[in-house]
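What follows is a short report on a single structure.
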Amino acid sequence: MIKKLQPDVWITTLAAIVFFVAAQNANAMTASQYFSDGNRLFRDDLYWAALLRYGQAADQGLNTPVLHYNSGIAHYRAGQHIRAHDALLRALEDPLLRVAAHYNLGLNAYELGEIEEALRWFRLARDQDSSDKLQTFAVVAISRIRDEQARSDGFKLRIAERERQRDFTDFQFRARVSFGSDDNVFRSPDQSYIDLSDPLLPVVTPEVKSGAFMPVSLSAKYLINSLKFEGFYVAYRLAGRYYQDKDLDNATEYQHEASFGNEYRRKEGNREREIYSAFKVSQHEETYYDPDDGVARNIAGVNIDDRMNYLRYGPELTVRQSHERLAFGAKIKAQLWNYDQQVVVPEYDHEYFLLSLFGQYKFTSSSLLRLTMDGYSRRYGDRPAYDLDGQPRIGNPNIRYDYISLQLTARQRIFDGMWFGFNVKHTERTDQYLGYNDYTLDSFGFEFHWSRGDRFDLEASGSYRLYDYPSAFAFHNPAAGRKTQESVSASIIADYRMTRHLSLVGQVRFRETVSNDIRIQYERTQFIFGLRWEQ
């Protein structure tokens, strides 16, 4: 927060008092006494009482830049930013107070949410030679504002800035169109293998295909600030990958999502409360293909290429309470996943429930530790559970998987534009029938962020995941042995802001999965370059 950058304004105020006392004569003693008592009350943080005394001094005929300056600071501390602005403007008449007034006008404008106006005043304080200390404070303030603007990519941060003014309506729009190359479009294994899941034990030679694609994302949100701290919104989001070559068209997938709900945000001092509720409806489309060659799947001559298409809908609620150092919150979600109807194979229809709890503690202003615990469940309506020999026999209960995960995240800021973090996560999945598909997952990750001024951002992240299946077999065949799986993923994103709304974005993504079930083993690298527009 820019508030923390403010200098000890009483350094300037005390100097101004000395100047004032020296300039007064015996005929102004009553006004002087009021003024002096106002200063005493200010030092005791009694800003309203101080303002009363300053007003009495003015009623006695005192009309000096020093009085206006001290009144402006008292109004600022009391939260009366409009009056603070007017008083500080009148203090500009005195050359000795001008630089301090410029800086405090910047702080006051920032509190009003007038970012460009704040920058103008801070620049005036920066471009002077009379006070090195205030010049340094102004430089830091400008840098932090620019850093906030450069990082404000998400809707939530932009809403937080705009809610300072609380316009009755707020429209946000974001679109990104990119061009990318993919060296393994269908996530195909790079080696031949014997398909142990087929009784005929055929030898399969996968064909790794590469090609170009267009990632597209679009989101729009309309917010109505119907109450002081609360607003109602409707939103739409589109995300997809479109492959250009006809031979790769089966890899195209996209999703539409519409949502509506409420947002509540209230901040008082170091305490902040956020509540987010929504009902979301999503439509997902993709082709159910064979990773070995990218051809749409069929069973007994029946095409089942639409097996992975689904309609997903349900409510969710997020609550967050934060203080100066401690923050905690919870998230609840309930969804129905309705997949396209199938005749010859089971459907993936299921219910999904999530409860997530987190706690976070800031040891310093630049370091924090966060603990997150998730419990969630997937309950299928048309998929028989597996027996211990790896066969999903008709008559078995439907699959139910329950998950418990615990994650520890640590972050450290090196300086204003750079931070890094590490996380460790342990997840346990329980197959509620006989435990065939139980697993434990341990993952280790890192993240890094660097902002260079207000135009350039660089983000890097990576993770390693190790699965342990105590009962499941590779290919669901006991002859193949216990299933093993591990994966590595990494991503680097560079963002260059050309104008206020338009940015260039480049990204590299890599993922490798290794398993003795060769069907799911692959290596893939994608390069993406595009334009992003934000309104």
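Every chain in the structure tokens has a letter given in the order shown (A, B, ...), and although residue numbers restart at 1 in each chain, ligands are simply numbered from 1 in the order shown.
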
Please list as a PDB file with C-alpha atoms, in the first residue's frame every residue within 10 Å of Ala101 in chain A, counting only C-alpha atoms and excluding residues in the same chain fewer than 5 positions away.
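And here's selection_26.pdb as it stands now:
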ATOM      1  CA  VAL A   9       4.830  14.455   8.105  1.00  0.00           C
ATOM      2  CA  THR A  12       7.778  19.148   8.032  1.00  0.00           C
ATOM      3  CA  TYR A  69      -1.005  22.434   5.574  1.00  0.00           C
ATOM      4  CA  ASN A  70      -1.556  21.099   9.088  1.00  0.00           C
ATOM      5  CA  GLY A  72      -4.850  19.150   5.316  1.00  0.00           C
ATOM      6  CA  ILE A  73      -2.748  16.488   7.054  1.00  0.00           C
ATOM      7  CA  HIS A  85      -7.168  18.065  -0.951  1.00  0.00           C
ATOM      8  CA  ALA A  87      -6.496  22.498   2.379  1.00  0.00           C
ATOM      9  CA  LEU A  88      -3.244  21.162   0.919  1.00  0.00           C
ATOM     10  CA  LEU A  89      -3.827  23.107  -2.293  1.00  0.00           C
ATOM     11  CA  ARG A  90      -3.944  26.335  -0.234  1.00  0.00           C
ATOM     12  CA  ALA A  91      -0.660  25.355   1.452  1.00  0.00           C
ATOM     13  CA  LEU A  92       1.111  25.422  -1.938  1.00  0.00           C
ATOM     14  CA  GLU A  93       1.405  29.197  -1.608  1.00  0.00           C
ATOM     15  CA  ASP A  94       4.390  28.774   0.734  1.00  0.00           C
ATOM     16  CA  PRO A  95       7.605  27.687  -1.093  1.00  0.00           C
ATOM     17  CA  LEU A  96       8.853  26.048   2.125  1.00  0.00           C
ATOM     18  CA  GLY A 106      -0.217  12.364  -4.006  1.00  0.00           C
ATOM     19  CA  LEU A 107      -0.997  10.180  -0.996  1.00  0.00           C
ATOM     20  CA  TRP A 121       1.684  14.955  -7.591  1.00  0.00           C
ATOM     21  CA  ALA A 125       7.715  15.904  -5.530  1.00  0.00           C
TER      22      ALA A 125
END

For Leu223 in chain A, please output as a PyMOL selection string all residues within 8 Å (counting only C-alpha atoms; exclusion window: fewer than 3 positions along the same chain). chain A and resi 169-171+231-234

Contacts of range 129-144 of chain A within 7 Å, only C-alpha atoms, excl. fewer than 3 positions in-chain, as a JSON list (two decimals) with C-alpha atoms, in the first residue's frame:
[["chain", "number", "residue", "atom", "x", "y", "z"],
["A", 2, "ILE", "CA", 1.21, 3.46, -0.81],
["A", 5, "LEU", "CA", 5.42, 5.20, 2.05],
["A", 103, "TYR", "CA", 3.83, 14.54, -1.81],
["A", 119, "LEU", "CA", 1.25, 10.05, -10.06],
["A", 122, "PHE", "CA", 4.38, 12.38, -6.87],
["A", 123, "ARG", "CA", 6.26, 13.41, -10.02],
["A", 125, "ALA", "CA", 7.72, 15.90, -5.53],
["A", 126, "ARG", "CA", 10.27, 13.79, -7.38],
["A", 147, "ASP", "CA", 4.30, -2.25, -10.16],
["A", 148, "GLU", "CA", 0.66, -2.64, -9.06]]

If you measure from CA of Trp419 in chain A to CA of Glu447 in chain A, what distance in Å do you get, rounded to one decimal? 8.4 Å

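Shell of Tyr276 in chain A at 7 Å, with only C-alpha atoms counted and residues fewer than 5 places along the chain excluded, is A:Asn262, A:Glu263, A:Tyr264, A:Leu317, A:Thr318, A:Val319.
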
For the residues in the current selection, export N, CA and C atoms as a compact mmCIF listing (two decimals), in the first residue's frame.
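Saved file result-v2.txt follows:
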# COMPACT_ATOMS: atom_id res chain seq x y z
N ASN A 262 -22.54 -12.82 -6.62
CA ASN A 262 -22.28 -11.62 -5.81
C ASN A 262 -20.82 -11.56 -5.39
N GLU A 263 -20.34 -10.33 -5.24
CA GLU A 263 -19.01 -10.09 -4.69
C GLU A 263 -19.14 -9.08 -3.55
N TYR A 264 -18.53 -9.41 -2.43
CA TYR A 264 -18.55 -8.52 -1.26
C TYR A 264 -17.11 -8.29 -0.84
N LEU A 317 -18.84 -21.03 -3.37
CA LEU A 317 -18.74 -19.93 -2.41
C LEU A 317 -17.31 -19.87 -1.88
N THR A 318 -16.74 -18.65 -1.88
CA THR A 318 -15.39 -18.44 -1.36
C THR A 318 -15.44 -17.32 -0.32
N VAL A 319 -14.83 -17.56 0.84
CA VAL A 319 -14.78 -16.57 1.92
C VAL A 319 -13.32 -16.38 2.33

Residue list (strand (DSSP E), DSSP) for range 194-352 of chain A, as number ranges by chain: A: 194, 203-204, 211-224, 230-243, 253-268, 271-286, 298-299, 302-303, 310-322, 326-339, 350-352

What does the distance between CA of Phe186 in chain A and CA of Lys209 in chain A come to in Å, to one decimal place?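 Interatomic distance, CA of Phe186 in chain A to CA of Lys209 in chain A: 7.0 Å.
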
Just how far from CA of His68 in chain A is CA of Ser32 in chain A, in Å to one decimal?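 Separation of CA of Ser32 in chain A and CA of His68 in chain A: 13.9 Å.
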
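By chain and then residue number, the residues within 7 Å of Gln321 in chain A are A:Glu272, A:Arg273, A:Glu274, A:Ala327, A:Phe328, A:Gly329, counting only C-alpha atoms and disregarding those fewer than 6 positions away in sequence.
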
Written file, previous selection with N, CA and C atoms, as a PDB file, in the first residue's frame:
ATOM      1  N   GLU A 272      -9.543  -7.016   6.195  1.00  0.00           N
ATOM      2  CA  GLU A 272     -10.253  -7.060   4.922  1.00  0.00           C
ATOM      3  C   GLU A 272     -11.053  -8.356   4.837  1.00  0.00           C
ATOM      4  N   ARG A 273     -12.296  -8.241   4.376  1.00  0.00           N
ATOM      5  CA  ARG A 273     -13.155  -9.414   4.214  1.00  0.00           C
ATOM      6  C   ARG A 273     -13.657  -9.472   2.782  1.00  0.00           C
ATOM      7  N   GLU A 274     -13.563 -10.655   2.188  1.00  0.00           N
ATOM      8  CA  GLU A 274     -14.021 -10.868   0.821  1.00  0.00           C
ATOM      9  C   GLU A 274     -14.924 -12.103   0.793  1.00  0.00           C
ATOM     10  N   ALA A 327      -4.230 -14.451   7.632  1.00  0.00           N
ATOM     11  CA  ALA A 327      -5.368 -14.554   6.715  1.00  0.00           C
ATOM     12  C   ALA A 327      -5.854 -15.995   6.716  1.00  0.00           C
ATOM     13  N   PHE A 328      -7.148 -16.175   6.547  1.00  0.00           N
ATOM     14  CA  PHE A 328      -7.712 -17.515   6.485  1.00  0.00           C
ATOM     15  C   PHE A 328      -8.988 -17.461   5.660  1.00  0.00           C
ATOM     16  N   GLY A 329      -9.409 -18.618   5.199  1.00  0.00           N
ATOM     17  CA  GLY A 329     -10.604 -18.631   4.366  1.00  0.00           C
ATOM     18  C   GLY A 329     -11.038 -20.044   4.028  1.00  0.00           C
TER      19      GLY A 329
END

Find the spatial neighbours of Leu371 in chain A, counting only C-alpha atoms, within a cut-off of 6 Å - ignore same-chain residues fewer than 3 positions away - and output them as a PyMOL selection string. chain A and resi 358-359+407-408

Which residues, written as a PDB file with C-alpha atoms, in the first residue's frame, have at least one atom at most 7 Å from range 465-475 of chain A, with only C-alpha atoms counted and residues fewer than 3 positions away on the same chain left out?
ATOM      1  CA  LEU A 196      -1.568 -55.686 -22.569  1.00  0.00           C
ATOM      2  CA  SER A 197      -5.152 -54.385 -22.170  1.00  0.00           C
ATOM      3  CA  GLY A 390      -8.343 -54.695 -12.711  1.00  0.00           C
ATOM      4  CA  TYR A 436      -8.067 -50.909  -6.615  1.00  0.00           C
ATOM      5  CA  ASN A 437      -7.576 -47.341  -7.859  1.00  0.00           C
ATOM      6  CA  ASP A 438      -6.167 -45.926  -4.613  1.00  0.00           C
ATOM      7  CA  TYR A 439      -3.084 -43.758  -4.988  1.00  0.00           C
ATOM      8  CA  THR A 440      -0.922 -41.289  -3.125  1.00  0.00           C
ATOM      9  CA  LEU A 441       0.527 -38.315  -4.956  1.00  0.00           C
ATOM     10  CA  ASP A 442       3.469 -36.234  -3.776  1.00  0.00           C
ATOM     11  CA  SER A 443       4.259 -33.080  -5.729  1.00  0.00           C
ATOM     12  CA  PHE A 444       6.970 -30.459  -5.398  1.00  0.00           C
ATOM     13  CA  PRO A 478      -1.851 -58.242 -13.423  1.00  0.00           C
ATOM     14  CA  ALA A 480       2.104 -56.007 -16.332  1.00  0.00           C
ATOM     15  CA  GLY A 481       2.888 -55.426 -12.635  1.00  0.00           C
ATOM     16  CA  ARG A 482       1.986 -52.542 -10.375  1.00  0.00           C
ATOM     17  CA  LYS A 483       1.315 -49.282 -12.171  1.00  0.00           C
ATOM     18  CA  THR A 484       3.931 -46.526 -11.884  1.00  0.00           C
ATOM     19  CA  GLN A 485       3.663 -42.905 -12.928  1.00  0.00           C
ATOM     20  CA  GLU A 486       5.642 -39.687 -12.502  1.00  0.00           C
ATOM     21  CA  SER A 487       5.629 -36.402 -14.377  1.00  0.00           C
ATOM     22  CA  VAL A 488       7.532 -33.152 -14.771  1.00  0.00           C
ATOM     23  CA  ASN A 516       5.040 -48.544 -17.214  1.00  0.00           C
ATOM     24  CA  ASP A 517       1.555 -48.152 -18.709  1.00  0.00           C
TER      25      ASP A 517
END
